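J.: Please find data_32.tsv (TSV, C-alpha atoms and all ligand atoms) on the next line:
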```tsv
chain	number	residue	atom	x	y	z
A	26	MET	CA	5.25	-10.71	18.11
A	27	ALA	CA	4.37	-8.02	15.57
A	28	LEU	CA	4.51	-8.99	11.89
A	29	LEU	CA	6.35	-5.77	11.04
A	30	ASP	CA	8.33	-3.80	13.56
A	31	LEU	CA	10.06	-0.49	12.85
A	32	THR	CA	12.34	0.95	15.50
A	33	ASN	CA	13.75	4.49	15.26
A	34	VAL	CA	13.93	4.45	11.47
A	35	ARG	CA	15.62	7.41	9.81
A	36	ALA	CA	15.70	7.68	6.01
A	37	GLY	CA	16.13	10.09	3.11
A	38	TYR	CA	17.14	10.28	-0.54
A	39	GLY	CA	20.76	10.21	-1.73
A	40	THR	CA	22.81	12.76	0.17
A	41	GLY	CA	19.74	14.89	0.95
A	42	PRO	CA	18.26	15.64	4.37
A	43	ASP	CA	16.42	13.12	6.51
A	44	ILE	CA	12.82	12.74	5.38
A	45	LEU	CA	11.85	10.20	8.02
A	46	ALA	CA	13.14	11.53	11.32
A	47	ASP	CA	12.61	8.75	13.83
A	48	VAL	CA	9.76	6.41	13.02
A	49	SER	CA	8.76	3.49	15.22
A	50	LEU	CA	5.64	1.42	14.62
A	51	GLU	CA	4.26	-2.07	14.96
A	52	ILE	CA	1.93	-3.94	12.66
A	53	GLU	CA	0.04	-7.05	13.69
A	54	GLU	CA	-0.77	-9.86	11.27
A	55	GLY	CA	-4.17	-9.95	9.57
A	56	ARG	CA	-5.16	-6.36	10.22
A	57	THR	CA	-5.54	-3.30	8.01
A	58	TYR	CA	-3.65	-0.09	8.79
A	59	CYS	CA	-4.00	3.35	7.25
A	60	ILE	CA	-1.35	6.06	7.22
A	61	ILE	CA	-2.69	9.59	6.98
A	62	GLY	CA	-0.94	12.95	7.01
A	63	PRO	CA	-0.47	16.07	4.92
A	64	ASN	CA	1.28	16.20	1.54
A	65	GLY	CA	5.04	15.83	1.95
A	66	ALA	CA	4.71	14.21	5.38
A	67	GLY	CA	6.86	11.28	4.28
A	68	LYS	CA	4.10	8.69	3.86
A	69	SER	CA	5.35	7.35	0.51
A	70	THR	CA	8.93	7.57	1.74
A	71	LEU	CA	7.99	5.31	4.65
A	72	LEU	CA	6.60	2.61	2.33
A	73	LYS	CA	9.61	2.97	0.00
A	74	THR	CA	11.89	2.42	3.00
A	75	ILE	CA	10.03	-0.69	4.18
A	76	SER	CA	10.05	-2.15	0.64
A	77	GLY	CA	13.78	-1.52	0.25
A	78	VAL	CA	13.55	1.10	-2.54
A	79	ILE	CA	15.57	3.40	-0.28
A	80	PRO	CA	17.74	2.00	2.53
A	81	PRO	CA	17.18	3.18	6.11
A	82	ARG	CA	20.01	5.39	7.39
A	83	GLU	CA	19.45	4.23	10.92
A	84	GLY	CA	17.09	2.04	12.89
A	85	GLU	CA	15.70	-1.45	12.51
A	86	ILE	CA	13.04	-2.95	10.27
A	87	VAL	CA	12.02	-6.48	11.24
A	88	PHE	CA	9.49	-8.52	9.29
A	89	ASP	CA	8.33	-11.78	10.82
A	90	GLY	CA	11.48	-11.98	12.92
A	91	VAL	CA	13.82	-11.27	9.97
A	92	SER	CA	15.80	-8.03	9.83
A	93	ILE	CA	15.02	-6.66	6.35
A	94	GLY	CA	16.54	-3.17	6.63
A	95	ALA	CA	19.67	-4.08	4.67
A	96	LEU	CA	17.96	-6.29	2.06
A	97	ARG	CA	17.31	-5.44	-1.60
A	98	PRO	CA	13.74	-4.85	-2.84
A	99	ASP	CA	13.59	-8.28	-4.55
A	100	GLN	CA	14.75	-10.00	-1.35
A	101	ILE	CA	12.12	-8.14	0.67
A	102	LEU	CA	9.51	-9.11	-1.90
A	103	SER	CA	10.44	-12.75	-1.55
A	104	GLU	CA	9.92	-12.43	2.22
A	105	GLY	CA	6.29	-11.67	1.31
A	106	VAL	CA	6.23	-7.88	1.49
A	107	CYS	CA	4.83	-6.23	-1.62
A	108	PHE	CA	4.36	-2.59	-2.53
A	109	VAL	CA	1.89	-1.02	-4.95
A	110	PRO	CA	3.34	2.46	-5.55
A	111	GLN	CA	1.41	5.69	-6.04
A	112	ASP	CA	2.15	5.76	-9.82
A	113	ARG	CA	1.04	2.10	-10.27
A	114	THR	CA	3.91	1.38	-12.74
A	115	LEU	CA	2.54	-1.36	-14.98
A	116	PHE	CA	4.18	-2.71	-18.12
A	117	PRO	CA	2.16	-0.53	-20.50
A	118	GLU	CA	2.65	-2.54	-23.68
A	119	MET	CA	1.91	-5.89	-22.11
A	120	THR	CA	-1.50	-7.43	-21.71
A	121	VAL	CA	-3.29	-7.88	-18.39
A	122	ARG	CA	-2.27	-11.54	-18.27
A	123	GLU	CA	1.36	-10.78	-19.15
A	124	ASN	CA	1.52	-8.16	-16.41
A	125	LEU	CA	0.28	-10.74	-13.93
A	126	VAL	CA	2.88	-13.28	-15.04
A	127	MET	CA	5.59	-10.61	-14.61
A	128	GLY	CA	4.31	-10.02	-11.07
A	129	ALA	CA	4.90	-13.71	-10.39
A	130	TYR	CA	8.50	-13.71	-11.63
A	131	LEU	CA	9.61	-15.08	-8.29
A	132	VAL	CA	7.27	-18.06	-8.79
A	133	ARG	CA	8.88	-20.67	-11.02
A	134	ASP	CA	6.05	-23.22	-11.11
A	135	ARG	CA	3.83	-22.74	-14.21
A	136	LYS	CA	0.84	-24.48	-12.59
A	137	LEU	CA	1.09	-22.24	-9.55
A	138	ILE	CA	1.19	-19.15	-11.78
A	139	ASP	CA	-2.00	-20.34	-13.53
A	140	GLU	CA	-3.66	-20.95	-10.16
A	141	ARG	CA	-2.70	-17.51	-8.86
A	142	THR	CA	-3.88	-15.88	-12.11
A	143	GLN	CA	-7.25	-17.55	-11.66
A	144	PHE	CA	-7.33	-16.46	-8.04
A	145	VAL	CA	-6.80	-12.77	-8.90
A	146	PHE	CA	-9.30	-13.01	-11.77
A	147	ASP	CA	-11.87	-14.27	-9.25
A	148	LEU	CA	-11.04	-11.32	-7.02
A	149	PHE	CA	-11.18	-8.81	-9.91
A	150	PRO	CA	-13.67	-10.14	-12.48
A	151	GLN	CA	-13.21	-7.00	-14.59
A	152	LEU	CA	-9.61	-8.03	-15.20
A	153	ALA	CA	-10.63	-11.52	-16.30
A	154	GLU	CA	-12.82	-9.99	-19.01
A	155	ARG	CA	-9.83	-7.97	-20.20
A	156	SER	CA	-7.06	-10.54	-19.90
A	157	SER	CA	-5.79	-9.86	-23.45
A	158	GLN	CA	-6.11	-6.09	-23.32
A	159	MET	CA	-2.96	-4.00	-23.28
A	160	ALA	CA	-2.40	-2.36	-19.88
A	161	GLN	CA	-1.93	1.16	-21.29
A	162	THR	CA	-5.40	1.14	-22.85
A	163	MET	CA	-7.18	0.43	-19.58
A	164	SER	CA	-9.00	2.99	-17.44
A	165	GLY	CA	-7.37	4.38	-14.29
A	166	GLY	CA	-9.52	2.17	-12.08
A	167	GLU	CA	-8.70	-0.96	-14.08
A	168	GLN	CA	-4.99	-0.08	-13.95
A	169	GLN	CA	-5.20	0.23	-10.15
A	170	MET	CA	-6.90	-3.19	-9.99
A	171	LEU	CA	-4.18	-4.65	-12.20
A	172	ALA	CA	-1.42	-3.12	-10.06
A	173	MET	CA	-2.97	-4.71	-6.97
A	174	ALA	CA	-3.62	-8.02	-8.75
A	175	ARG	CA	-0.02	-8.15	-9.94
A	176	ALA	CA	1.21	-7.61	-6.39
A	177	LEU	CA	-1.07	-10.41	-5.17
A	178	MET	CA	0.58	-12.89	-7.56
A	179	ILE	CA	3.37	-13.50	-5.04
A	180	LYS	CA	0.78	-14.26	-2.36
A	181	PRO	CA	2.13	-11.54	-0.05
A	182	ARG	CA	1.79	-11.57	3.71
A	183	LEU	CA	2.00	-7.79	3.86
A	184	MET	CA	0.57	-5.65	1.08
A	185	MET	CA	1.45	-1.96	1.10
A	186	ILE	CA	-0.68	0.25	-1.15
A	187	ASP	CA	0.09	3.92	-1.81
A	188	GLU	CA	-3.01	6.03	-2.53
A	189	PRO	CA	-5.13	3.51	-4.43
A	190	SER	CA	-7.97	5.96	-5.08
A	191	LEU	CA	-5.77	8.72	-6.53
A	192	GLY	CA	-7.46	10.26	-9.56
A	193	LEU	CA	-10.34	7.78	-9.60
A	194	ALA	CA	-14.07	8.48	-9.70
A	195	PRO	CA	-15.97	7.72	-6.46
A	196	GLN	CA	-17.73	4.63	-7.78
A	197	ILE	CA	-14.57	2.90	-8.93
A	198	SER	CA	-12.80	3.95	-5.71
A	199	ASP	CA	-15.56	2.21	-3.78
A	200	THR	CA	-14.92	-1.01	-5.71
A	201	ILE	CA	-11.20	-0.76	-4.97
A	202	PHE	CA	-11.82	-0.06	-1.27
A	203	GLY	CA	-14.26	-2.98	-1.18
A	204	THR	CA	-11.49	-5.30	-2.38
A	205	ILE	CA	-8.92	-3.79	0.00
A	206	GLY	CA	-11.34	-4.40	2.86
A	207	ARG	CA	-11.51	-8.08	1.92
A	208	LEU	CA	-7.75	-8.63	1.75
A	209	ALA	CA	-7.38	-8.93	5.52
A	210	THR	CA	-10.81	-10.28	6.42
A	211	ASP	CA	-11.15	-12.95	3.69
A	212	LEU	CA	-7.56	-13.64	2.67
A	213	GLY	CA	-5.62	-12.97	5.87
A	214	ILE	CA	-3.28	-10.52	4.13
A	215	THR	CA	-2.03	-7.70	6.34
A	216	VAL	CA	-2.55	-4.31	4.68
A	217	LEU	CA	-0.68	-1.03	5.12
A	218	LEU	CA	-2.46	1.66	3.17
A	219	ILE	CA	-1.81	5.34	2.46
A	220	GLU	CA	-4.94	7.26	1.62
A	221	GLN	CA	-5.67	10.96	1.01
A	222	ASN	CA	-9.37	10.20	1.15
A	223	VAL	CA	-9.12	9.98	4.92
A	224	LYS	CA	-12.70	8.95	5.57
A	225	LYS	CA	-12.59	6.04	3.11
A	226	GLY	CA	-9.15	4.94	4.23
A	227	ILE	CA	-10.20	4.88	7.86
A	228	GLU	CA	-13.43	3.05	7.05
A	229	VAL	CA	-11.60	-0.02	5.71
A	230	SER	CA	-8.90	0.02	8.39
A	231	ASP	CA	-8.53	-1.23	11.96
A	232	TRP	CA	-5.81	1.14	13.03
A	233	VAL	CA	-4.52	4.55	11.90
A	234	PHE	CA	-1.07	6.16	11.97
A	235	VAL	CA	-0.81	9.93	11.60
A	236	LEU	CA	2.46	11.03	10.03
A	237	ASP	CA	3.70	14.60	9.79
A	238	LEU	CA	7.14	16.08	9.09
A	239	GLY	CA	8.63	12.61	8.90
A	240	SER	CA	7.48	11.48	12.33
A	241	LYS	CA	4.57	9.51	13.70
A	242	ARG	CA	2.49	12.09	15.56
A	243	PHE	CA	-0.36	9.91	16.71
A	244	GLU	CA	-1.90	6.47	16.34
A	245	GLY	CA	-5.16	4.88	17.37
A	246	PRO	CA	-8.08	2.63	16.51
A	247	ALA	CA	-9.82	3.55	13.25
A	248	ASP	CA	-13.30	3.58	14.74
A	249	THR	CA	-12.54	6.32	17.27
A	250	ILE	CA	-9.69	8.33	15.73
A	251	LEU	CA	-12.04	10.82	14.13
A	252	ASP	CA	-13.54	11.58	17.55
A	253	ASP	CA	-10.18	12.87	18.74
A	254	PRO	CA	-10.22	16.66	18.53
A	255	ARG	CA	-6.44	16.79	18.02
A	256	ILE	CA	-6.75	14.73	14.84
A	257	ARG	CA	-9.77	16.65	13.66
A	258	ASP	CA	-8.24	20.08	14.13
A	259	LEU	CA	-4.66	19.39	13.25
A	260	TYR	CA	-4.90	16.99	10.37
A	261	LEU	CA	-8.36	16.36	9.14
A	262	GLY	CA	-9.28	19.96	8.37
A	263	LYS	CA	-5.99	20.46	6.58
A	264	LEU	CA	-6.34	17.21	4.68
A	265	ALA	CA	-9.97	17.75	3.76
A	266	GLY	CA	-9.07	21.20	2.42
A	267	ALA	CA	-6.16	19.80	0.42
A	268	THR	CA	-8.22	17.04	-1.19
A	269	GLN	CA	-11.11	19.31	-2.01
A	270	LYS	CA	-8.73	21.66	-3.79
A	271	GLY	CA	-7.51	18.62	-5.70
A	272	GLY	CA	-11.09	18.02	-6.82
A	273	GLU	CA	-11.47	14.63	-5.17
A	274	GLY	CA	-13.57	15.55	-2.14
A	275	THR	CA	-13.52	13.71	1.14
A	276	GLU	CA	-16.78	11.82	0.87
B	1	LIG	N1	13.04	10.80	-5.04
B	1	LIG	C1	13.14	11.82	-4.18
B	1	LIG	N2	14.28	12.52	-4.05
B	1	LIG	C2	14.40	13.53	-3.15
B	1	LIG	N3	13.41	13.92	-2.31
B	1	LIG	C3	12.24	13.26	-2.39
B	1	LIG	C4	12.05	12.17	-3.31
B	1	LIG	N4	10.78	11.72	-3.15
B	1	LIG	C5	10.23	12.47	-2.19
B	1	LIG	N5	11.10	13.39	-1.72
B	1	LIG	C6	10.84	14.38	-0.66
B	1	LIG	O1	10.49	13.71	0.54
B	1	LIG	C7	9.48	14.42	1.25
B	1	LIG	C8	8.33	13.50	1.58
B	1	LIG	O2	7.76	13.04	0.36
B	1	LIG	P1	6.73	11.84	0.31
B	1	LIG	O3	6.49	11.56	-1.14
B	1	LIG	O4	7.20	10.73	1.17
B	1	LIG	O5	5.45	12.52	1.00
B	1	LIG	P2	3.95	12.00	1.09
B	1	LIG	O6	3.56	12.09	2.50
B	1	LIG	O7	3.82	10.69	0.41
B	1	LIG	O8	3.19	13.14	0.26
B	1	LIG	P3	1.92	13.06	-0.73
B	1	LIG	O9	0.71	13.06	0.14
B	1	LIG	O10	2.03	14.33	-1.51
B	1	LIG	O11	2.06	11.84	-1.58
B	1	LIG	C9	9.10	15.60	0.36
B	1	LIG	O12	9.72	16.75	0.87
B	1	LIG	C10	9.65	15.24	-0.99
B	1	LIG	O13	10.05	16.38	-1.71
B	2	MG	MG	2.84	10.03	-1.30
```
Would you kindly transcribe this structure into structure tokens?

T.:
Amino acid sequence: MALLDLTNVRAGYGTGPDILADVSLEIEEGRTYCIIGPNGAGKSTLLKTISGVIPPREGEIVFDGVSIGALRPDQILSEGVCFVPQDRTLFPEMTVRENLVMGAYLVRDRKLIDERTQFVFDLFPQLAERSSQMAQTMSGGEQQMLAMARALMIKPRLMMIDEPSLGLAPQISDTIFGTIGRLATDLGITVLLIEQNVKKGIEVSDWVFVLDLGSKRFEGPADTILDDPRIRDLYLGKLAGATQKGGEGTE
């Protein structure tokens, strides 16, 4: 059985048009998945729908055998599904440690919170050095690490991360991708990632979904997807052009 199973999901904002037309996909436990697709394809909307930020208008979302489509975001979080959004949304005037404790608000046990804090500090040593620093004074890369660390405080089974390398220098992106690569292999956490830096995103993933105009257009194994001329011509050229214009490059 798949860990996460979406069947014919349709979703949109308020009374507006459908953004996700009819999305079906399956995610197996312990693997890393990357969603690619042009700007406005509905990639972030898909993760917002799975995490309960917007409710699906139609279709089924099943996580580990539990139908989560009608649940609230906090209920979905307590099922073990966490979401690190594109804008990272930290508590700016709280310290690194306080942000982590907030991330563990579902965990009541003080000792467990201390254990988890130590665990994420081991994973992100740079955060340990800055445990008393206010979040808003940290660099973009450190803020991305903190956003991921805070999500890890609930010990998620599925971690969804929206564009972790956005606006970051290549070296710090590499550190972030290094950690993302270890989530599944070392910690057994299933990862669903959105990444504009297609090459990097694919490198750390096992499987790739291509989304366009609110529908899944294609999917396949990460190690061969770039050999497919349809992906190359239709999406990769377009994406590479878009990212280069944004100044981030594709390397
Ligand atoms: N809060 C919102 N209210 C109304 N429409 C929205 C909202 N957020 C996104 N949209 C619309 O949904 C569509 C898909 O947006 P989405 O953010 O999911 O795309 P994306 O694939 O993540 O793009 P990008 O690569 O630019 O992040 C867009 O047309 C966008 O204008
Ligand atoms: Mg997006």

J.: With distances taken over only C-alpha atoms, which of A:Lys68, A:Arg135, A:Lys225, A:Arg82 is nearest to Gly39 (chain A)?

T.: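 Among A:Lys68, A:Arg135, A:Lys225, A:Arg82, it is A:Arg82 that comes nearest to Gly39 (chain A).
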
J.: For the contact check between chain A and ligand MG 2 (chain B), emit one row per residue of chain A within 8 Å, containing the shortest atom pair and the distance in Å rounded to one decimal, counting all atoms listed in the file, chain then rising number order, as a Markdown table.

T.:
```
| residue | atom | partner | partner_atom | distance |
| --- | --- | --- | --- | --- |
| A:Asn64 | CA | B:MG2 | MG | 7.0 |
| A:Gly65 | CA | B:MG2 | MG | 7.0 |
| A:Gly67 | CA | B:MG2 | MG | 7.0 |
| A:Lys68 | CA | B:MG2 | MG | 5.5 |
| A:Ser69 | CA | B:MG2 | MG | 4.1 |
| A:Thr70 | CA | B:MG2 | MG | 7.2 |
| A:Gln111 | CA | B:MG2 | MG | 6.6 |
| A:Asp187 | CA | B:MG2 | MG | 6.7 |
| A:Glu188 | CA | B:MG2 | MG | 7.2 |
| A:Ile219 | CA | B:MG2 | MG | 7.6 |
```

J.: Can you write out as JSON lines which residues of chain A fall within 12 Å of ligand LIG 1 (chain B), alongside each residue's closest atom pair and its distance in Å to one decimal, counting all atoms listed in the file and ordering rows by chain and ascending residue number?

T.:
```
{"residue": "A:Ala36", "atom": "CA", "partner": "B:LIG1", "partner_atom": "O1", "distance": 9.7}
{"residue": "A:Gly37", "atom": "CA", "partner": "B:LIG1", "partner_atom": "N3", "distance": 7.2}
{"residue": "A:Tyr38", "atom": "CA", "partner": "B:LIG1", "partner_atom": "C2", "distance": 5.0}
{"residue": "A:Gly39", "atom": "CA", "partner": "B:LIG1", "partner_atom": "N2", "distance": 7.3}
{"residue": "A:Thr40", "atom": "CA", "partner": "B:LIG1", "partner_atom": "C2", "distance": 9.1}
{"residue": "A:Gly41", "atom": "CA", "partner": "B:LIG1", "partner_atom": "C2", "distance": 6.9}
{"residue": "A:Pro42", "atom": "CA", "partner": "B:LIG1", "partner_atom": "N3", "distance": 8.4}
{"residue": "A:Asp43", "atom": "CA", "partner": "B:LIG1", "partner_atom": "O1", "distance": 8.4}
{"residue": "A:Ile44", "atom": "CA", "partner": "B:LIG1", "partner_atom": "O1", "distance": 5.5}
{"residue": "A:Leu45", "atom": "CA", "partner": "B:LIG1", "partner_atom": "C8", "distance": 8.0}
{"residue": "A:Ala46", "atom": "CA", "partner": "B:LIG1", "partner_atom": "C8", "distance": 11.0}
{"residue": "A:Ile60", "atom": "CA", "partner": "B:LIG1", "partner_atom": "O6", "distance": 9.1}
{"residue": "A:Ile61", "atom": "CA", "partner": "B:LIG1", "partner_atom": "O6", "distance": 8.1}
{"residue": "A:Gly62", "atom": "CA", "partner": "B:LIG1", "partner_atom": "O6", "distance": 6.4}
{"residue": "A:Pro63", "atom": "CA", "partner": "B:LIG1", "partner_atom": "O9", "distance": 5.8}
{"residue": "A:Asn64", "atom": "CA", "partner": "B:LIG1", "partner_atom": "O9", "distance": 3.5}
{"residue": "A:Gly65", "atom": "CA", "partner": "B:LIG1", "partner_atom": "O5", "distance": 3.5}
{"residue": "A:Ala66", "atom": "CA", "partner": "B:LIG1", "partner_atom": "O6", "distance": 3.8}
{"residue": "A:Gly67", "atom": "CA", "partner": "B:LIG1", "partner_atom": "O4", "distance": 3.2}
{"residue": "A:Lys68", "atom": "CA", "partner": "B:LIG1", "partner_atom": "O6", "distance": 3.7}
{"residue": "A:Ser69", "atom": "CA", "partner": "B:LIG1", "partner_atom": "O7", "distance": 3.7}
{"residue": "A:Thr70", "atom": "CA", "partner": "B:LIG1", "partner_atom": "O4", "distance": 3.6}
{"residue": "A:Leu71", "atom": "CA", "partner": "B:LIG1", "partner_atom": "O4", "distance": 6.5}
{"residue": "A:Leu72", "atom": "CA", "partner": "B:LIG1", "partner_atom": "O4", "distance": 8.2}
{"residue": "A:Lys73", "atom": "CA", "partner": "B:LIG1", "partner_atom": "O4", "distance": 8.2}
{"residue": "A:Thr74", "atom": "CA", "partner": "B:LIG1", "partner_atom": "O4", "distance": 9.7}
{"residue": "A:Val78", "atom": "CA", "partner": "B:LIG1", "partner_atom": "N1", "distance": 10.0}
{"residue": "A:Ile79", "atom": "CA", "partner": "B:LIG1", "partner_atom": "N1", "distance": 9.2}
{"residue": "A:Pro110", "atom": "CA", "partner": "B:LIG1", "partner_atom": "O7", "distance": 10.2}
{"residue": "A:Gln111", "atom": "CA", "partner": "B:LIG1", "partner_atom": "O11", "distance": 7.6}
{"residue": "A:Asp112", "atom": "CA", "partner": "B:LIG1", "partner_atom": "O11", "distance": 10.2}
{"residue": "A:Ile186", "atom": "CA", "partner": "B:LIG1", "partner_atom": "O7", "distance": 11.5}
{"residue": "A:Asp187", "atom": "CA", "partner": "B:LIG1", "partner_atom": "O7", "distance": 8.0}
{"residue": "A:Glu188", "atom": "CA", "partner": "B:LIG1", "partner_atom": "O11", "distance": 7.8}
{"residue": "A:Pro189", "atom": "CA", "partner": "B:LIG1", "partner_atom": "O11", "distance": 11.4}
{"residue": "A:Leu191", "atom": "CA", "partner": "B:LIG1", "partner_atom": "O11", "distance": 9.8}
{"residue": "A:Leu218", "atom": "CA", "partner": "B:LIG1", "partner_atom": "O7", "distance": 11.3}
{"residue": "A:Ile219", "atom": "CA", "partner": "B:LIG1", "partner_atom": "O7", "distance": 8.0}
{"residue": "A:Glu220", "atom": "CA", "partner": "B:LIG1", "partner_atom": "O9", "distance": 8.2}
{"residue": "A:Gln221", "atom": "CA", "partner": "B:LIG1", "partner_atom": "O9", "distance": 6.8}
{"residue": "A:Asn222", "atom": "CA", "partner": "B:LIG1", "partner_atom": "O9", "distance": 10.5}
{"residue": "A:Val223", "atom": "CA", "partner": "B:LIG1", "partner_atom": "O9", "distance": 11.4}
{"residue": "A:Val235", "atom": "CA", "partner": "B:LIG1", "partner_atom": "O6", "distance": 10.3}
{"residue": "A:Leu236", "atom": "CA", "partner": "B:LIG1", "partner_atom": "O6", "distance": 7.7}
{"residue": "A:Asp237", "atom": "CA", "partner": "B:LIG1", "partner_atom": "O6", "distance": 7.7}
{"residue": "A:Leu238", "atom": "CA", "partner": "B:LIG1", "partner_atom": "C8", "distance": 8.0}
{"residue": "A:Gly239", "atom": "CA", "partner": "B:LIG1", "partner_atom": "C8", "distance": 7.4}
{"residue": "A:Ser240", "atom": "CA", "partner": "B:LIG1", "partner_atom": "O6", "distance": 10.6}
{"residue": "A:Lys241", "atom": "CA", "partner": "B:LIG1", "partner_atom": "O6", "distance": 11.5}
{"residue": "A:Lys263", "atom": "CA", "partner": "B:LIG1", "partner_atom": "O9", "distance": 11.9}
{"residue": "A:Leu264", "atom": "CA", "partner": "B:LIG1", "partner_atom": "O9", "distance": 9.4}
{"residue": "A:Ala267", "atom": "CA", "partner": "B:LIG1", "partner_atom": "O9", "distance": 9.6}
{"residue": "A:Thr268", "atom": "CA", "partner": "B:LIG1", "partner_atom": "O9", "distance": 9.9}
{"residue": "A:Gly271", "atom": "CA", "partner": "B:LIG1", "partner_atom": "O10", "distance": 11.3}
```

J.: Distance CA of Pro181 (chain A)-CA of Val87 (chain A), one decimal place?

T.: 15.8 Å

J.: Near Ile179 (chain A), within 12 Å and counting all atoms listed in the file, which residues show up once chain neighbours fewer than 6 positions away are dropped, as a list in words?

T.: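 The filter keeps Asp99, Ile101, Leu102, Ser103, Glu104, Gly105, Val106, Cys107, Phe108, Leu125, Val126, Met127, Gly128, Ala129, Tyr130, Leu131, Val132, Arg133, Asp134, Leu137, Ile138, Glu140, Arg141, Thr142, Phe144, Val145, Met173 and Ile214 of chain A.
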
J.: Could you tell me which of A:Ala153, A:Ile93, A:Phe243, A:Asp47 comes closest to Ile256 (chain A) if we count only C-alpha atoms?

T.: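 Checking each candidate against Ile256 (chain A), we get A:Phe243 as the closest.
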
J.: In Å, rounded to a single decimal, give me how far CA of Thr57 (chain A) is from CA of Ser190 (chain A).

T.: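 If I compute the distance from CA of Ser190 (chain A) to CA of Thr57 (chain A), I get 16.2 Å.
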
J.: Restricting the calculation to only C-alpha atoms: of A:Gly84, A:Thr215, A:Gln196, A:Phe149, which residue gets closest to Arg182 (chain A)?

T.: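 Between A:Gly84, A:Thr215, A:Gln196, A:Phe149, the residue approaching Arg182 (chain A) most closely is A:Thr215.
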
J.: Measuring between all atoms listed in the file, which one of A:Gly206, A:Pro117, A:Gly245, A:Pro81 shows the shortest distance to Gly55 (chain A)?

T.: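 Nearest to Gly55 (chain A): A:Gly206.
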
J.: Hey, which of A:Arg242, A:Leu148, A:Ala95, A:Met159 ends up closest to Asn124 (chain A)? Count all atoms listed in the file.

T.: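 Among the listed residues, A:Met159 lies closest to Asn124 (chain A).
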
J.: Show me, as a ChimeraX atom specification, the residues that have an atom within 12 Å of Asp199 (chain A) when counting all atoms listed in the file, minus same-chain residues fewer than 4 positions from it.

T.: /A:166,170,189-190,193-195,203-206,222,224-226,228-229,276

J.: What does the distance from CA of Glu123 (chain A) to CA of Gly165 (chain A) come to in Å, to one decimal?

T.: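 Those two atoms sit 18.2 Å apart.
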
J.: Point out the residue among A:Gln151, A:Thr32, A:Gln143, A:Ser198 with the least atom-to-atom distance to Gly94 (chain A), counting all atoms listed in the file.

T.: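 Ranking A:Gln151, A:Thr32, A:Gln143, A:Ser198 by distance to Gly94 (chain A), first place goes to A:Thr32.
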